[in-house]
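Participant: Handing you a structure now.
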Amino acid sequence: MKFIHIADVHLGAVPDVGYPWSEERKTEIWDSFRNIIRIAKAEQADLLLIAGDLFHRQPLLKELKEVNYLFSTLTETRVVFIIGNHDYLKPDSFYHGFKWNENVICLENQDCQRIHFPDLNTTVYGLSYHTREITNALYDELVPEDDGVCTILLAHGGDEKHIPINKRQLCQAGFDYVALGHIHKPQILEANRMAYSGALEPLDKNDTGPHGYMIGEYRKRTLTARFIPSAVREYIHFKVETDETQTDYSLQEKIHAYMKKLGGHNIYKIIITGYRDPDIQYELKSYEKLGNIVEVADMSKPAYDFAKLGKKYADSVVGRYIQRLNTDSMDEVQSKALYYGIQAMLETTR
């Protein structure tokens, strides 16, 4: 039996609102989901398992119909999914009464239910959210009831407001595989046994690293599973070190070349570090033209020679300020106060 495990697809999400690539990202989330359908066909997967948050918010009826059509094209694959906290089953949800294709099973009860597939010798367990938050540890006491079959649990949560999970306890509950959702970064908690597949596509600048899906196989009472990257783009944070030789434009060239090397289609947060020429100011707004940059954080410091400045301004407030703060025991807060304070005072003396 072969399966694909995905979660946190968040159809309908519009990442990075206000940035030029935002609408493209909205479309790419749907594209990435359609790609999973193609992969399920190519892999001849028996099960497509979705561990919650298929939608980013309450699905529109037309969106359910689009998704159902895609599922219907999986003629050799059964789809089993649960509803997560983002698209929870509220009283007026279009989920209620929706007629899914015959190969689709939504485990929509708020109490755990199961579906058995005799031809696959597999039982899938799961429950859905009927409220935005669930603070009870609903998975802690779950154990599989089937003997001699492959048992898989679809679970969504892992923080204090969304079904807290005792990961060690759940891993030892007896399920052959626990397919987790809610945490957006892929995490294999126990090899071949328990994993967060992560969001199919990264949704904001904190969703760094590769994103994709888990693929697994149960054969001769042994289950194996591995992560496969498939996302259209990545959010990448990188540090670039400046020095006294760098001008604003030369630093931009350095950053642009590195972004090109990592992939111009990706989305970047840039952190500038090091010591810059005190006469140089980086015009961070202009860096946006370099590519898909969601944030530039300037953590660099002017390369002041405090010994020379202390002598030059010995009888002024600048000199006294340096003498007071520039000590061997200076911490990070004092260091920032020193650099920012000196910069401000020197600008007023020009």
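Starting from 1 in every chain, residues are counted up; chains themselves are A, B, ... following the order of the structure tokens, and ligands are numbered from 1 as listed.
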Compile the contact shell of Ser32 in chain A as an MDAnalysis selection string: residues with an atom at most 12 Å away, counting only C-alpha atoms, same-chain residues fewer than 3 positions apart removed.
Facilitator: chainID A and resid 6 8:11 24:29 35:39 199:202 211:213 229:233
Participant: Each residue of range 123-232 of chain A with at least one atom at most 9 Å from range 14-23 of chain A should appear once, together with its nearest atom pair and the corresponding distance in Å (one decimal); atoms considered: only C-alpha atoms; ordering: chain, then increasing residue number; output as CSV.
Facilitator:
residue,atom,partner,partner_atom,distance
A:Pro202,CA,A:Pro15,CA,8.6
A:Leu203,CA,A:Pro15,CA,5.5
A:Asp204,CA,A:Pro15,CA,6.1
A:Lys205,CA,A:Asp16,CA,8.3
Participant: Could you please determine the separation between CA of Asn68 in chain A and CA of Phe55 in chain A in Å, to one decimal place?
Facilitator: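 Rounded to one decimal, the two atoms are 13.0 Å apart.
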Participant: With DSSP run on the backbone, what are the alpha helix (DSSP H) residues within range 161-347 of chain A? I'd like them as a VMD selection string.
Facilitator: chain A and resid 167 to 171 248 to 262 306 to 312 317 to 325 332 to 347
Participant: Need to verify the contact set: range 263-267 of chain A, 9 Å, only C-alpha atoms, exclusion of same-chain residues closer than 5 positions in sequence. Can you return it as a list in words?
Facilitator: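 Here the answer would be Lys205, Val232, Arg233, Glu234, Tyr235, Ile236, His237, His256, Tyr258, Gly291, Asn292, Ile293 and Val294 of chain A.
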Participant: Identify, with DSSP run on backbone atoms, the residues in range 23-89 of chain A assigned to strand (DSSP E or B), and express the list as a ChimeraX atom specification.
Facilitator: /A:47-51,55,78-82
Participant: Please dump the current selection as an mmCIF file, in the first residue's frame; keep N, CA, C and O atoms.
Facilitator:
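Okay, this is what ended up in out.cif:
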data_model
loop_
_atom_site.group_PDB
_atom_site.id
_atom_site.type_symbol
_atom_site.label_atom_id
_atom_site.label_comp_id
_atom_site.auth_asym_id
_atom_site.auth_seq_id
_atom_site.Cartn_x
_atom_site.Cartn_y
_atom_site.Cartn_z
ATOM 1 N N LEU A 47 -3.554 5.837 -1.410
ATOM 2 C CA LEU A 47 -4.214 6.802 -0.531
ATOM 3 C C LEU A 47 -3.545 8.166 -0.642
ATOM 4 O O LEU A 47 -2.303 8.258 -0.665
ATOM 5 N N LEU A 48 -4.360 9.210 -0.703
ATOM 6 C CA LEU A 48 -3.901 10.585 -0.530
ATOM 7 C C LEU A 48 -4.473 11.050 0.803
ATOM 8 O O LEU A 48 -5.692 11.160 0.962
ATOM 9 N N LEU A 49 -3.608 11.304 1.762
ATOM 10 C CA LEU A 49 -4.008 11.656 3.122
ATOM 11 C C LEU A 49 -3.740 13.135 3.358
ATOM 12 O O LEU A 49 -2.619 13.611 3.131
ATOM 13 N N ILE A 50 -4.769 13.868 3.830
ATOM 14 C CA ILE A 50 -4.642 15.312 4.046
ATOM 15 C C ILE A 50 -4.941 15.603 5.510
ATOM 16 O O ILE A 50 -6.069 15.450 5.971
ATOM 17 N N ALA A 51 -3.916 16.053 6.238
ATOM 18 C CA ALA A 51 -4.020 16.204 7.691
ATOM 19 C C ALA A 51 -4.427 17.616 8.109
ATOM 20 O O ALA A 51 -3.813 18.237 8.975
ATOM 21 N N PHE A 55 -8.031 24.289 3.293
ATOM 22 C CA PHE A 55 -8.318 25.680 2.934
ATOM 23 C C PHE A 55 -7.778 26.622 4.012
ATOM 24 O O PHE A 55 -7.668 26.246 5.185
ATOM 25 N N ARG A 78 -7.768 6.571 -3.261
ATOM 26 C CA ARG A 78 -8.764 7.058 -2.300
ATOM 27 C C ARG A 78 -8.184 8.270 -1.563
ATOM 28 O O ARG A 78 -6.985 8.265 -1.211
ATOM 29 N N VAL A 79 -9.022 9.268 -1.318
ATOM 30 C CA VAL A 79 -8.619 10.484 -0.606
ATOM 31 C C VAL A 79 -9.288 10.477 0.759
ATOM 32 O O VAL A 79 -10.507 10.324 0.861
ATOM 33 N N VAL A 80 -8.494 10.640 1.805
ATOM 34 C CA VAL A 80 -9.028 10.743 3.156
ATOM 35 C C VAL A 80 -8.484 12.031 3.769
ATOM 36 O O VAL A 80 -7.264 12.248 3.752
ATOM 37 N N PHE A 81 -9.392 12.877 4.281
ATOM 38 C CA PHE A 81 -8.911 14.122 4.869
ATOM 39 C C PHE A 81 -9.701 14.489 6.111
ATOM 40 O O PHE A 81 -10.824 14.022 6.329
ATOM 41 N N ILE A 82 -9.073 15.331 6.939
ATOM 42 C CA ILE A 82 -9.723 15.924 8.103
ATOM 43 C C ILE A 82 -9.734 17.434 7.923
ATOM 44 O O ILE A 82 -8.984 17.987 7.113
#
Participant: Smallest atom-to-atom distance to Lys185 in chain A: which of A:Asn136, A:Ser329, A:Thr208, A:Thr75, using only C-alpha atoms?
Facilitator: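 Among A:Asn136, A:Ser329, A:Thr208, A:Thr75, it is A:Thr208 that comes nearest to Lys185 in chain A.
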Participant: Near Gln334 in chain A, counting only C-alpha atoms, which residues have an atom at most 12 Å away, once you skip same-chain residues fewer than 6 positions from it, shown as a PyMOL selection string?
Facilitator: chain A and resi 321-322+324-328+340-342
Participant: For CA of Pro210 in chain A and CA of Ile255 in chain A, determine how far apart the two atoms are, in Å to one decimal place.
Facilitator: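 Between these atoms lies a distance of 21.4 Å.
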Participant: Which residues are near Asp87 in chain A? Cut-off 9 Å, only C-alpha atoms, ignore same chain within fewer than 4 positions. Put them as a PyMOL selection string.
Facilitator: chain A and resi 10+52-59+83+93+129+132
Participant: Let me make sure I understand: among A:Lys99, A:Lys41, A:His156, A:His86, which one has the smallest atom-to-atom distance to Val67 in chain A if we use only C-alpha atoms?
Facilitator: A:Lys99
Participant: Have a look at A:Asp176, A:Glu43, A:Glu66, A:Asp140 and name the one nearest to Leu153 in chain A; count only C-alpha atoms.
Facilitator: A:Asp176
Participant: Report as a PyMOL selection string all protein, DNA and RNA residues lying within 10 Å of Tyr304 in chain A, evaluated on only C-alpha atoms, omitting residues in the same chain fewer than 4 positions from it.
Facilitator: chain A and resi 275-278+308-309+339+342-343
Participant: Give me, as JSON, numbers by chain, all polymer residues having an atom no more than 7 Å from range 109-115 of chain A, counting only C-alpha atoms and skipping those fewer than 6 positions away in the same chain.
Facilitator: {"A": [123, 124, 125, 126, 127, 128, 129, 130]}
Participant: May I ask which of the residues A:Asp92, A:Ile215, A:Thr245, A:Gly181 is the closest one to Ile228 in chain A, counting only C-alpha atoms?
Facilitator: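 Using only C-alpha atoms, the shortest distance to Ile228 in chain A belongs to A:Ile215.
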